[in-house]
>>> print(open('input33.txt').read())   # compact mmCIF, C-alpha atoms and all ligand atoms
# COMPACT_ATOMS: atom_id res chain seq x y z
CA MET A 1 -176.07 -26.42 -136.52
CA ARG A 2 -176.94 -30.11 -137.01
CA VAL A 3 -177.75 -31.99 -133.79
CA LEU A 4 -177.95 -35.78 -133.79
CA VAL A 5 -179.92 -37.28 -130.89
CA THR A 6 -179.64 -41.04 -130.49
CA GLY A 7 -182.49 -42.68 -128.58
CA GLY A 8 -184.60 -39.60 -129.30
CA ALA A 9 -187.84 -41.63 -129.33
CA GLY A 10 -187.36 -42.83 -125.73
CA PHE A 11 -188.24 -41.18 -122.44
CA ILE A 12 -185.38 -38.70 -121.89
CA GLY A 13 -184.38 -38.41 -125.54
CA SER A 14 -187.87 -37.40 -126.66
CA HIS A 15 -188.11 -34.79 -123.90
CA PHE A 16 -184.77 -33.38 -125.07
CA VAL A 17 -185.94 -33.36 -128.70
CA ARG A 18 -189.31 -31.75 -127.95
CA SER A 19 -187.52 -29.01 -125.98
CA LEU A 20 -184.88 -28.56 -128.67
CA VAL A 21 -187.38 -28.23 -131.51
CA ARG A 22 -189.42 -25.75 -129.44
CA GLY A 23 -186.34 -23.52 -129.16
CA ARG A 24 -185.68 -23.99 -125.45
CA TYR A 25 -181.93 -24.49 -126.02
CA PRO A 26 -181.06 -21.48 -128.24
CA ALA A 27 -177.36 -22.40 -128.53
CA LEU A 28 -178.36 -25.69 -130.21
CA THR A 29 -180.96 -24.36 -132.62
CA GLY A 30 -180.81 -25.88 -136.08
CA HIS A 31 -181.46 -29.16 -137.87
CA VAL A 32 -182.47 -31.99 -135.52
CA VAL A 33 -181.85 -35.61 -136.48
CA VAL A 34 -183.10 -38.51 -134.34
CA LEU A 35 -181.53 -41.95 -134.74
CA ASP A 36 -183.59 -44.62 -132.96
CA LEU A 37 -184.25 -48.33 -133.43
CA LEU A 38 -187.75 -48.06 -131.89
CA THR A 39 -187.26 -50.98 -129.52
CA TYR A 40 -190.03 -51.75 -127.03
CA ALA A 41 -188.93 -48.55 -125.20
CA GLY A 42 -189.09 -46.14 -128.13
CA THR A 43 -192.11 -44.82 -130.00
CA LEU A 44 -192.71 -42.08 -132.54
CA THR A 45 -195.78 -41.10 -130.51
CA ASN A 46 -193.29 -39.42 -128.17
CA LEU A 47 -192.25 -37.10 -131.02
CA ALA A 48 -195.71 -36.54 -132.53
CA GLU A 49 -195.96 -32.94 -131.26
CA VAL A 50 -192.74 -31.90 -133.02
CA ARG A 51 -192.60 -34.40 -135.87
CA ASP A 52 -192.32 -31.68 -138.54
CA GLY A 53 -189.18 -30.30 -136.89
CA VAL A 54 -187.29 -33.60 -136.83
CA GLU A 55 -185.51 -35.75 -139.39
CA PHE A 56 -186.12 -39.29 -138.15
CA VAL A 57 -183.71 -42.11 -139.00
CA HIS A 58 -185.01 -45.55 -138.07
CA GLY A 59 -181.83 -47.47 -137.38
CA ASP A 60 -179.51 -49.28 -135.02
CA ILE A 61 -176.52 -47.60 -133.37
CA ARG A 62 -174.67 -50.92 -133.78
CA ASP A 63 -174.90 -50.60 -137.57
CA ALA A 64 -171.82 -48.67 -138.73
CA ALA A 65 -173.20 -47.84 -142.19
CA THR A 66 -176.46 -46.40 -140.83
CA VAL A 67 -174.58 -44.48 -138.17
CA ALA A 68 -172.08 -43.02 -140.67
CA THR A 69 -174.93 -41.75 -142.85
CA ALA A 70 -176.80 -40.22 -139.92
CA MET A 71 -173.60 -38.67 -138.55
CA ALA A 72 -172.50 -36.92 -141.76
CA GLY A 73 -172.36 -33.15 -141.27
CA THR A 74 -173.25 -33.35 -137.56
CA ASP A 75 -171.97 -30.66 -135.18
CA VAL A 76 -173.31 -32.01 -131.88
CA VAL A 77 -174.19 -35.56 -130.82
CA VAL A 78 -176.34 -36.19 -127.75
CA HIS A 79 -176.14 -39.94 -127.22
CA LEU A 80 -179.03 -41.41 -125.22
CA ALA A 81 -179.80 -44.64 -127.08
CA ALA A 82 -179.43 -47.56 -124.72
CA GLU A 83 -181.00 -50.56 -123.13
CA SER A 84 -181.95 -48.87 -119.86
CA HIS A 85 -183.83 -51.19 -117.51
CA VAL A 86 -181.81 -52.90 -114.76
CA ASP A 87 -184.27 -55.79 -114.29
CA ARG A 88 -184.06 -56.67 -117.98
CA SER A 89 -180.24 -56.69 -117.74
CA ILE A 90 -180.46 -59.19 -114.88
CA ALA A 91 -182.72 -61.47 -116.93
CA ALA A 92 -180.65 -61.19 -120.15
CA ALA A 93 -177.59 -58.98 -120.58
CA ALA A 94 -176.62 -59.55 -124.22
CA ASP A 95 -178.47 -56.57 -125.73
CA PHE A 96 -177.03 -54.36 -123.00
CA VAL A 97 -173.51 -55.22 -124.09
CA THR A 98 -174.13 -54.93 -127.81
CA THR A 99 -176.20 -51.72 -127.72
CA ASN A 100 -174.63 -49.89 -124.79
CA VAL A 101 -171.00 -50.87 -125.35
CA VAL A 102 -170.61 -51.78 -129.04
CA GLY A 103 -173.21 -49.23 -130.17
CA THR A 104 -171.39 -46.47 -128.30
CA GLN A 105 -168.07 -47.49 -129.86
CA VAL A 106 -169.66 -47.39 -133.34
CA LEU A 107 -171.00 -43.88 -132.64
CA LEU A 108 -167.70 -42.60 -131.22
CA GLN A 109 -165.81 -43.85 -134.29
CA ALA A 110 -168.34 -42.30 -136.67
CA ALA A 111 -168.20 -39.01 -134.75
CA LEU A 112 -164.42 -39.02 -135.02
CA ASP A 113 -164.58 -39.76 -138.76
CA ALA A 114 -167.14 -36.99 -139.29
CA GLY A 115 -165.23 -34.43 -137.20
CA VAL A 116 -168.12 -33.57 -134.85
CA GLY A 117 -167.57 -30.62 -132.50
CA ARG A 118 -169.20 -32.09 -129.38
CA PHE A 119 -170.23 -35.61 -128.30
CA VAL A 120 -172.34 -35.75 -125.13
CA HIS A 121 -172.38 -39.29 -123.80
CA VAL A 122 -175.34 -39.67 -121.43
CA SER A 123 -174.50 -42.04 -118.60
CA THR A 124 -175.83 -42.79 -115.13
CA ASP A 125 -174.94 -42.54 -111.44
CA GLU A 126 -175.26 -46.34 -111.32
CA VAL A 127 -171.72 -46.70 -112.72
CA TYR A 128 -170.34 -45.72 -109.30
CA GLY A 129 -171.94 -48.67 -107.47
CA SER A 130 -173.62 -48.07 -104.10
CA ILE A 131 -172.74 -45.58 -101.35
CA ASP A 132 -173.96 -45.69 -97.72
CA GLU A 133 -173.10 -42.09 -96.80
CA GLY A 134 -171.94 -38.96 -98.60
CA SER A 135 -171.95 -38.43 -102.38
CA TRP A 136 -169.70 -39.47 -105.24
CA PRO A 137 -167.54 -36.90 -106.99
CA GLU A 138 -166.84 -37.48 -110.70
CA THR A 139 -163.37 -38.83 -109.77
CA HIS A 140 -164.77 -41.76 -107.79
CA PRO A 141 -163.77 -45.19 -109.20
CA LEU A 142 -166.39 -46.98 -111.28
CA GLU A 143 -167.78 -49.98 -109.37
CA PRO A 144 -170.92 -51.02 -111.26
CA ASN A 145 -172.98 -53.84 -109.78
CA SER A 146 -175.69 -54.69 -112.33
CA PRO A 147 -175.08 -55.79 -115.93
CA TYR A 148 -176.83 -52.55 -116.99
CA ALA A 149 -174.48 -50.41 -114.89
CA ALA A 150 -171.45 -52.41 -116.08
CA SER A 151 -172.42 -51.83 -119.71
CA LYS A 152 -172.82 -48.09 -119.07
CA ALA A 153 -169.47 -47.94 -117.22
CA SER A 154 -167.83 -49.71 -120.17
CA SER A 155 -169.26 -47.14 -122.58
CA ASP A 156 -168.07 -44.29 -120.32
CA LEU A 157 -164.53 -45.68 -120.52
CA LEU A 158 -164.72 -45.93 -124.31
CA ALA A 159 -165.88 -42.30 -124.44
CA ARG A 160 -162.93 -41.30 -122.25
CA ALA A 161 -160.54 -43.31 -124.42
CA PHE A 162 -161.76 -41.66 -127.65
CA HIS A 163 -161.06 -38.30 -126.04
CA ARG A 164 -157.64 -39.25 -124.66
CA THR A 165 -156.47 -41.17 -127.72
CA HIS A 166 -158.03 -39.24 -130.59
CA GLY A 167 -158.94 -35.88 -129.04
CA LEU A 168 -162.66 -36.41 -129.76
CA PRO A 169 -164.48 -33.59 -127.89
CA VAL A 170 -166.45 -35.86 -125.59
CA CYS A 171 -168.32 -34.97 -122.39
CA VAL A 172 -169.81 -37.66 -120.14
CA THR A 173 -172.84 -36.93 -117.92
CA ARG A 174 -173.88 -39.14 -114.98
CA CYS A 175 -177.33 -38.35 -113.70
CA SER A 176 -179.56 -39.70 -110.97
CA ASN A 177 -183.03 -41.28 -111.39
CA ASN A 178 -185.20 -39.36 -113.85
CA TYR A 179 -188.97 -39.08 -113.65
CA GLY A 180 -191.58 -37.30 -115.73
CA PRO A 181 -194.09 -37.94 -118.53
CA HIS A 182 -193.45 -40.45 -121.35
CA GLN A 183 -191.43 -42.82 -119.13
CA PHE A 184 -192.00 -46.46 -120.04
CA PRO A 185 -194.30 -48.11 -117.43
CA GLU A 186 -191.71 -50.64 -116.28
CA LYS A 187 -189.76 -48.01 -114.29
CA VAL A 188 -190.86 -47.56 -110.69
CA ILE A 189 -192.82 -44.28 -110.81
CA PRO A 190 -194.87 -44.95 -113.98
CA LEU A 191 -195.27 -48.63 -113.00
CA PHE A 192 -196.69 -47.73 -109.61
CA VAL A 193 -198.84 -44.85 -110.89
CA THR A 194 -200.39 -46.88 -113.70
CA ASN A 195 -200.95 -49.90 -111.44
CA LEU A 196 -202.77 -47.68 -108.94
CA LEU A 197 -204.82 -46.06 -111.71
CA ASP A 198 -205.91 -49.58 -112.64
CA GLY A 199 -206.66 -50.54 -109.02
CA ARG A 200 -203.71 -52.98 -108.98
CA ARG A 201 -201.14 -53.40 -106.20
CA VAL A 202 -197.60 -52.06 -106.46
CA PRO A 203 -194.58 -54.39 -106.03
CA LEU A 204 -192.11 -53.00 -103.47
CA TYR A 205 -188.69 -54.65 -103.51
CA GLY A 206 -187.22 -56.01 -100.25
CA ASP A 207 -187.53 -53.75 -97.21
CA GLY A 208 -188.10 -50.67 -99.40
CA GLY A 209 -185.10 -48.96 -97.82
CA ASN A 210 -183.14 -48.41 -101.06
CA VAL A 211 -182.44 -44.72 -101.57
CA ARG A 212 -182.53 -42.87 -104.90
CA ASP A 213 -182.07 -39.21 -105.81
CA TRP A 214 -184.91 -37.99 -108.05
CA LEU A 215 -184.36 -35.64 -110.97
CA HIS A 216 -187.12 -34.24 -113.20
CA VAL A 217 -186.46 -35.08 -116.85
CA ASP A 218 -186.74 -31.39 -117.77
CA ASP A 219 -183.88 -30.50 -115.40
CA HIS A 220 -181.79 -33.36 -116.76
CA CYS A 221 -182.33 -32.23 -120.35
CA ARG A 222 -181.40 -28.64 -119.46
CA ALA A 223 -178.17 -29.99 -117.98
CA LEU A 224 -177.47 -31.90 -121.20
CA ALA A 225 -177.98 -28.73 -123.26
CA LEU A 226 -175.60 -26.83 -120.97
CA VAL A 227 -172.96 -29.53 -121.32
CA ALA A 228 -173.41 -29.62 -125.10
CA GLU A 229 -172.93 -25.87 -125.27
CA LYS A 230 -170.33 -25.14 -122.60
CA GLY A 231 -168.84 -28.41 -121.31
CA CYS A 232 -165.07 -28.92 -121.25
CA ASP A 233 -163.65 -31.47 -123.67
CA GLY A 234 -163.02 -34.76 -121.86
CA ALA A 235 -164.94 -33.74 -118.72
CA VAL A 236 -167.39 -35.79 -116.68
CA TYR A 237 -170.38 -34.04 -115.06
CA ASN A 238 -172.63 -35.49 -112.38
CA VAL A 239 -176.23 -34.29 -112.57
CA GLY A 240 -178.45 -34.59 -109.48
CA GLY A 241 -181.95 -33.57 -108.51
CA GLY A 242 -181.55 -32.96 -104.78
CA THR A 243 -184.46 -35.15 -103.61
CA GLU A 244 -183.30 -38.33 -101.89
CA LEU A 245 -186.05 -40.76 -100.93
CA THR A 246 -186.25 -44.38 -99.87
CA ASN A 247 -188.46 -46.48 -102.13
CA ARG A 248 -190.79 -46.80 -99.12
CA GLU A 249 -191.11 -43.01 -98.90
CA LEU A 250 -191.64 -42.70 -102.65
CA THR A 251 -194.32 -45.41 -102.51
CA GLY A 252 -196.09 -43.52 -99.70
CA LEU A 253 -196.19 -40.35 -101.81
CA LEU A 254 -197.58 -42.25 -104.80
CA LEU A 255 -200.24 -43.98 -102.68
CA ASP A 256 -201.26 -40.56 -101.31
CA ALA A 257 -201.42 -39.09 -104.81
CA ALA A 258 -203.69 -41.93 -105.91
CA GLY A 259 -205.82 -41.84 -102.75
CA ALA A 260 -204.80 -45.45 -102.03
CA GLY A 261 -203.87 -47.11 -98.74
CA PRO A 262 -200.97 -49.35 -97.62
CA GLU A 263 -202.97 -52.48 -98.53
CA MET A 264 -202.12 -51.67 -102.16
CA VAL A 265 -198.43 -52.50 -101.53
CA GLU A 266 -197.27 -56.01 -102.40
CA HIS A 267 -193.91 -56.82 -100.78
CA VAL A 268 -191.79 -58.82 -103.25
CA PRO A 269 -188.31 -60.39 -102.92
CA ASP A 270 -185.49 -57.92 -103.41
CA ARG A 271 -183.88 -57.37 -106.82
CA LEU A 272 -180.64 -59.36 -107.20
CA GLY A 273 -177.60 -57.22 -106.37
CA HIS A 274 -179.89 -54.28 -105.53
CA ASP A 275 -177.75 -51.18 -104.87
CA ARG A 276 -178.70 -49.66 -101.51
CA ARG A 277 -178.13 -46.00 -102.20
CA TYR A 278 -177.05 -43.71 -105.03
CA SER A 279 -175.94 -40.14 -104.44
CA VAL A 280 -173.98 -37.92 -106.81
CA ASP A 281 -172.15 -34.75 -105.85
CA TRP A 282 -173.24 -32.32 -108.59
CA SER A 283 -171.32 -29.27 -107.33
CA LYS A 284 -169.03 -29.34 -110.39
CA ILE A 285 -171.75 -28.75 -113.00
CA ALA A 286 -173.34 -26.17 -110.68
CA ALA A 287 -170.09 -24.22 -110.28
CA GLU A 288 -168.76 -24.54 -113.84
CA LEU A 289 -171.90 -24.46 -115.98
CA GLY A 290 -174.47 -22.79 -113.69
CA TYR A 291 -176.74 -25.86 -113.44
CA ALA A 292 -179.36 -26.10 -110.71
CA PRO A 293 -182.48 -28.28 -110.69
CA SER A 294 -185.58 -26.10 -110.91
CA VAL A 295 -188.58 -28.46 -110.69
CA PRO A 296 -189.67 -28.94 -107.05
CA PHE A 297 -190.20 -32.67 -106.51
CA ALA A 298 -193.74 -32.32 -105.10
CA GLN A 299 -194.80 -30.28 -108.14
CA GLY A 300 -193.00 -32.52 -110.65
CA LEU A 301 -194.50 -35.66 -109.13
CA ALA A 302 -198.03 -34.23 -109.07
CA ASP A 303 -197.70 -33.17 -112.74
CA THR A 304 -196.37 -36.60 -113.66
CA VAL A 305 -199.20 -38.44 -111.90
CA ARG A 306 -201.71 -36.17 -113.66
CA TRP A 307 -200.08 -36.85 -117.05
CA TYR A 308 -200.45 -40.62 -116.60
CA ALA A 309 -204.04 -40.19 -115.42
CA GLU A 310 -204.83 -38.22 -118.59
CA ARG A 311 -202.78 -40.31 -121.06
CA ARG A 312 -204.14 -43.84 -120.78
CA ASP A 313 -203.99 -43.87 -124.58
CA TRP A 314 -200.19 -43.64 -124.26
CA TRP A 315 -199.48 -46.25 -121.59
CA GLU A 316 -202.29 -48.81 -121.77
CA PRO A 317 -200.94 -50.49 -124.93
CA LEU A 318 -197.51 -50.78 -123.25
CA LYS A 319 -198.62 -52.63 -120.09
CA PRO A 320 -198.91 -56.43 -119.92
CA ARG A 321 -202.48 -57.42 -119.08
P1 LIG B 401 -185.44 -45.44 -122.73
O1 LIG B 401 -185.30 -46.92 -122.52
O2 LIG B 401 -186.74 -44.78 -122.42
O3 LIG B 401 -185.11 -45.08 -124.25
C1 LIG B 401 -184.03 -45.65 -124.93
C2 LIG B 401 -184.20 -45.34 -126.41
O4 LIG B 401 -183.08 -45.91 -127.11
C3 LIG B 401 -185.46 -45.93 -127.03
O5 LIG B 401 -186.11 -44.98 -127.84
C4 LIG B 401 -184.94 -47.10 -127.86
O6 LIG B 401 -185.75 -47.37 -129.00
C5 LIG B 401 -183.57 -46.61 -128.25
N1 LIG B 401 -182.62 -47.69 -128.57
C6 LIG B 401 -182.38 -48.81 -127.82
N2 LIG B 401 -181.47 -49.59 -128.45
C7 LIG B 401 -181.12 -48.94 -129.60
C8 LIG B 401 -180.23 -49.24 -130.66
N3 LIG B 401 -179.50 -50.38 -130.66
N4 LIG B 401 -180.11 -48.36 -131.67
C9 LIG B 401 -180.85 -47.21 -131.69
N5 LIG B 401 -181.72 -46.89 -130.71
C10 LIG B 401 -181.86 -47.75 -129.68
O7 LIG B 401 -184.24 -44.80 -121.90
P2 LIG B 401 -184.19 -43.42 -121.07
O8 LIG B 401 -184.70 -43.67 -119.72
O9 LIG B 401 -184.74 -42.35 -121.92
O10 LIG B 401 -182.61 -43.25 -120.95
C11 LIG B 401 -181.86 -42.56 -121.94
C12 LIG B 401 -180.39 -42.60 -121.53
O11 LIG B 401 -180.24 -42.00 -120.25
C13 LIG B 401 -179.82 -44.01 -121.45
O12 LIG B 401 -178.52 -43.99 -121.96
C14 LIG B 401 -179.78 -44.28 -119.95
O13 LIG B 401 -178.73 -45.15 -119.62
C15 LIG B 401 -179.56 -42.90 -119.39
N6 LIG B 401 -180.08 -42.69 -118.03
C16 LIG B 401 -181.41 -42.84 -117.76
C17 LIG B 401 -181.87 -42.61 -116.47
C18 LIG B 401 -183.33 -42.74 -116.11
O14 LIG B 401 -183.68 -42.54 -114.94
N7 LIG B 401 -184.22 -43.03 -117.04
C19 LIG B 401 -180.98 -42.26 -115.45
C20 LIG B 401 -179.64 -42.13 -115.77
C21 LIG B 401 -179.20 -42.33 -117.06
>>> encode(input="input33.txt", output="structure tokens", more="lines below")
Ligand code: NAD
Amino acid sequence: MRVLVTGGAGFIGSHFVRSLVRGRYPALTGHVVVLDLLTYAGTLTNLAEVRDGVEFVHGDIRDAATVATAMAGTDVVVHLAAESHVDRSIAAAADFVTTNVVGTQVLLQAALDAGVGRFVHVSTDEVYGSIDEGSWPETHPLEPNSPYAASKASSDLLARAFHRTHGLPVCVTRCSNNYGPHQFPEKVIPLFVTNLLDGRRVPLYGDGGNVRDWLHVDDHCRALALVAEKGCDGAVYNVGGGTELTNRELTGLLLDAAGAGPEMVEHVPDRLGHDRRYSVDWSKIAAELGYAPSVPFAQGLADTVRWYAERRDWWEPLKPR
């Protein structure tokens, strides 16, 4: 079994690779190849603990020749490489289109040419837009609002098209907000935790009433392994965590964890086009593949805060001073 993980030096990808190399997904055991460009968001430090168990290819998913070489002989692709930060897509969207859309098309074509047995395209709940009440099923229309979400929705449609047109055995996953160790300190939880560790205030967007569902990265990666092993060709699977919080509530929990008071919150103007609420209905993956999140949020958050407290060596070089 040869498993190609794109974006395997980033937050979620490196968690998946560390788990894979340590034998936590027995159905996928074999040769692990990571293809990653090592942008600002990717670092080999994330793979240091399992470096001997990984073949690392430093390359760009937009580069067809590099991708064809990395893809040769691959059985399973888990595609996580992406530009992933909404705020960056608002400031400048070009890399989001070239990496997330064109890069995915290059990978799908190479997977088709190489005859891979499974292509897991890792997407996001943000493709559905914003929902005031209830939860989206996988059949809900795609109504992305940020350039990031639009680029992910575009890549989802390309993945669908490669299945429908060419019969490529693609599965698409759409998960909620991940948290855990090794997340780049621009995303809300590591940004707030590291600011508080440094005695700096945390910037809370707008009225803080935006709602997100939180999913521990370990649960997400287990879901990806299940989909890689048992997913139906052409299917879409939502993956949720079951912990919905407003950003205000999340901020309160992080202040408590750091022993800080409300004076450490800096209210800043809302993000442009800020989606109010995300909520996926993940009953399909639960019923068909036996997925259930297993990390209680309070425990996962406490572990994550502790990891950042202990790993200044990891995040300090990544934060603007
Ligand atoms: P990340 O930003 O931490 O990591 C992305 C990785 O992709 C990095 O290692 C980077 O070097 C690599 N990369 C970027 N452009 C590349 C290119 N052109 N060629 C090769 N490699 C490239 O992202 P993440 O948070 O780990 O997210 C992984 C995937 O999961 C993304 O597709 C993202 O859309 C999706 N997702 C993330 C979340 C979340 O909460 N983090 C939620 C839903 C979906």
>>> atom_distance(input="input33.txt", atom1="CA of Gly129 (chain A)", atom2="CA of His274 (chain A)")
9.9 Å
>>> atom_distance(input="input33.txt", atom1="atom C16 of ligand LIG 401 (chain B)", atom2="CA of Asp218 (chain A)")
12.6 Å
>>> residues_around(input="input33.txt", residues="Asn238 (chain A)", least_positions_apart="2", cutoff="10 Å", atoms="only C-alpha atoms", output="VMD selection string")
chain A and resid 123 to 125 136 to 138 172 to 176 223 236 240 279 to 286
>>> residues_near_ligand(input="input33.txt", ligand="ligand LIG 401 (chain B)", cutoff="7 Å", atoms="all atoms listed in the file", output="JSON, numbers by chain")
{"A": [6, 7, 8, 9, 10, 11, 12, 13, 35, 36, 37, 38, 39, 40, 41, 42, 43, 59, 60, 61, 62, 80, 81, 82, 83, 84, 85, 99, 103, 122, 123, 124, 125, 152, 174, 175, 176, 177, 178, 179, 183, 184]}
>>> closest_residue(input="input33.txt", among="A:Ala92, A:Glu288, A:His216, A:Leu301", to="Leu253 (chain A)", atoms="only C-alpha atoms")
A:Leu301
>>> closest_residue(input="input33.txt", among="A:Gly300, A:Gly231, A:Gly199, A:Gly206", to="His121 (chain A)", atoms="all atoms listed in the file")
A:Gly231
>>> closest_residue(input="input33.txt", among="A:Arg248, A:Asp198, A:Val101, A:Leu224", to="Val78 (chain A)", atoms="all atoms listed in the file")
A:Leu224
>>> closest_residue(input="input33.txt", among="A:Gly115, A:Val295, A:Asp132, A:Leu168", to="Arg222 (chain A)", atoms="all atoms listed in the file")
A:Val295
>>> residues_around(input="input33.txt", residues="Cys232 (chain A)", least_positions_apart="5", cutoff="9 Å", atoms="all atoms listed in the file", output="list of chain:residue names")
A:Pro169, A:Val170, A:Cys171, A:Val227
>>> closest_residue(input="input33.txt", among="A:Thr251, A:Thr165, A:Thr74, A:Asn100", to="Leu28 (chain A)", atoms="all atoms listed in the file")
A:Thr74
>>> atom_distance(input="input33.txt", atom1="CA of Ser130 (chain A)", atom2="CA of Ala225 (chain A)")
27.6 Å
>>> closest_atom_pairs(input="input33.txt", of="region 202-253 of chain A", to="region 263-272 of chain A", cutoff="9 Å", atoms="all atoms listed in the file", output="JSON lines")
{"residue": "A:Val202", "atom": "CA", "partner": "A:Val265", "partner_atom": "CA", "distance": 5.0}
{"residue": "A:Pro203", "atom": "CA", "partner": "A:Glu266", "partner_atom": "CA", "distance": 4.8}
{"residue": "A:Leu204", "atom": "CA", "partner": "A:His267", "partner_atom": "CA", "distance": 5.0}
{"residue": "A:Tyr205", "atom": "CA", "partner": "A:Asp270", "partner_atom": "CA", "distance": 4.6}
{"residue": "A:Gly206", "atom": "CA", "partner": "A:Asp270", "partner_atom": "CA", "distance": 4.1}
{"residue": "A:Asp207", "atom": "CA", "partner": "A:Asp270", "partner_atom": "CA", "distance": 7.7}
{"residue": "A:Gly208", "atom": "CA", "partner": "A:His267", "partner_atom": "CA", "distance": 8.6}
{"residue": "A:Thr251", "atom": "CA", "partner": "A:Val265", "partner_atom": "CA", "distance": 8.3}
>>> closest_residue(input="input33.txt", among="A:Ser89, A:Thr304, A:Thr98, A:Gln105", to="Ser146 (chain A)", atoms="all atoms listed in the file")
A:Ser89
>>> residues_near_point(input="input33.txt", point="(-197.5, -35.9, -111.7)", cutoff="10 Å", atoms="only C-alpha atoms", output="list of chain:residue names")
A:Tyr179, A:Gly180, A:Pro181, A:Ile189, A:Pro190, A:Val193, A:Leu254, A:Ala257, A:Phe297, A:Ala298, A:Gln299, A:Gly300, A:Leu301, A:Ala302, A:Asp303, A:Thr304, A:Val305, A:Arg306, A:Trp307, A:Tyr308, A:Ala309
>>> decode(input="input33.txt", residues="region 153-165 of chain A", atoms="N, CA, C and O atoms", output="PDB file, in the first residue's frame")
ATOM      1  N   ALA A 153     -14.951  25.116  -2.721  1.00  0.00           N
ATOM      2  CA  ALA A 153     -16.155  24.623  -3.404  1.00  0.00           C
ATOM      3  C   ALA A 153     -15.824  24.266  -4.851  1.00  0.00           C
ATOM      4  O   ALA A 153     -16.292  23.242  -5.379  1.00  0.00           O
ATOM      5  N   SER A 154     -15.007  25.107  -5.493  1.00  0.00           N
ATOM      6  CA  SER A 154     -14.615  24.827  -6.882  1.00  0.00           C
ATOM      7  C   SER A 154     -13.877  23.504  -6.962  1.00  0.00           C
ATOM      8  O   SER A 154     -14.106  22.694  -7.882  1.00  0.00           O
ATOM      9  N   SER A 155     -12.983  23.264  -6.000  1.00  0.00           N
ATOM     10  CA  SER A 155     -12.213  22.009  -6.048  1.00  0.00           C
ATOM     11  C   SER A 155     -13.114  20.811  -5.747  1.00  0.00           C
ATOM     12  O   SER A 155     -12.933  19.731  -6.312  1.00  0.00           O
ATOM     13  N   ASP A 156     -14.130  21.001  -4.893  1.00  0.00           N
ATOM     14  CA  ASP A 156     -15.092  19.913  -4.644  1.00  0.00           C
ATOM     15  C   ASP A 156     -15.799  19.528  -5.945  1.00  0.00           C
ATOM     16  O   ASP A 156     -16.037  18.342  -6.219  1.00  0.00           O
ATOM     17  N   LEU A 157     -16.164  20.546  -6.731  1.00  0.00           N
ATOM     18  CA  LEU A 157     -16.899  20.268  -7.971  1.00  0.00           C
ATOM     19  C   LEU A 157     -15.998  19.581  -8.990  1.00  0.00           C
ATOM     20  O   LEU A 157     -16.445  18.711  -9.748  1.00  0.00           O
ATOM     21  N   LEU A 158     -14.727  19.944  -9.013  1.00  0.00           N
ATOM     22  CA  LEU A 158     -13.792  19.234  -9.898  1.00  0.00           C
ATOM     23  C   LEU A 158     -13.650  17.778  -9.469  1.00  0.00           C
ATOM     24  O   LEU A 158     -13.616  16.867 -10.306  1.00  0.00           O
ATOM     25  N   ALA A 159     -13.586  17.553  -8.148  1.00  0.00           N
ATOM     26  CA  ALA A 159     -13.478  16.168  -7.659  1.00  0.00           C
ATOM     27  C   ALA A 159     -14.709  15.370  -8.084  1.00  0.00           C
ATOM     28  O   ALA A 159     -14.615  14.234  -8.568  1.00  0.00           O
ATOM     29  N   ARG A 160     -15.878  15.974  -7.921  1.00  0.00           N
ATOM     30  CA  ARG A 160     -17.126  15.317  -8.353  1.00  0.00           C
ATOM     31  C   ARG A 160     -17.084  15.016  -9.859  1.00  0.00           C
ATOM     32  O   ARG A 160     -17.427  13.913 -10.305  1.00  0.00           O
ATOM     33  N   ALA A 161     -16.629  16.003 -10.628  1.00  0.00           N
ATOM     34  CA  ALA A 161     -16.613  15.832 -12.087  1.00  0.00           C
ATOM     35  C   ALA A 161     -15.658  14.710 -12.513  1.00  0.00           C
ATOM     36  O   ALA A 161     -15.958  13.948 -13.440  1.00  0.00           O
ATOM     37  N   PHE A 162     -14.511  14.591 -11.846  1.00  0.00           N
ATOM     38  CA  PHE A 162     -13.577  13.511 -12.203  1.00  0.00           C
ATOM     39  C   PHE A 162     -14.176  12.147 -11.867  1.00  0.00           C
ATOM     40  O   PHE A 162     -13.877  11.160 -12.541  1.00  0.00           O
ATOM     41  N   HIS A 163     -15.022  12.102 -10.848  1.00  0.00           N
ATOM     42  CA  HIS A 163     -15.716  10.842 -10.569  1.00  0.00           C
ATOM     43  C   HIS A 163     -16.777  10.585 -11.628  1.00  0.00           C
ATOM     44  O   HIS A 163     -16.832   9.501 -12.236  1.00  0.00           O
ATOM     45  N   ARG A 164     -17.630  11.583 -11.888  1.00  0.00           N
ATOM     46  CA  ARG A 164     -18.750  11.367 -12.811  1.00  0.00           C
ATOM     47  C   ARG A 164     -18.278  11.151 -14.239  1.00  0.00           C
ATOM     48  O   ARG A 164     -18.821  10.329 -14.969  1.00  0.00           O
ATOM     49  N   THR A 165     -17.260  11.873 -14.645  1.00  0.00           N
ATOM     50  CA  THR A 165     -16.806  11.787 -16.043  1.00  0.00           C
ATOM     51  C   THR A 165     -15.891  10.587 -16.273  1.00  0.00           C
ATOM     52  O   THR A 165     -16.051   9.858 -17.243  1.00  0.00           O
TER      53      THR A 165
END
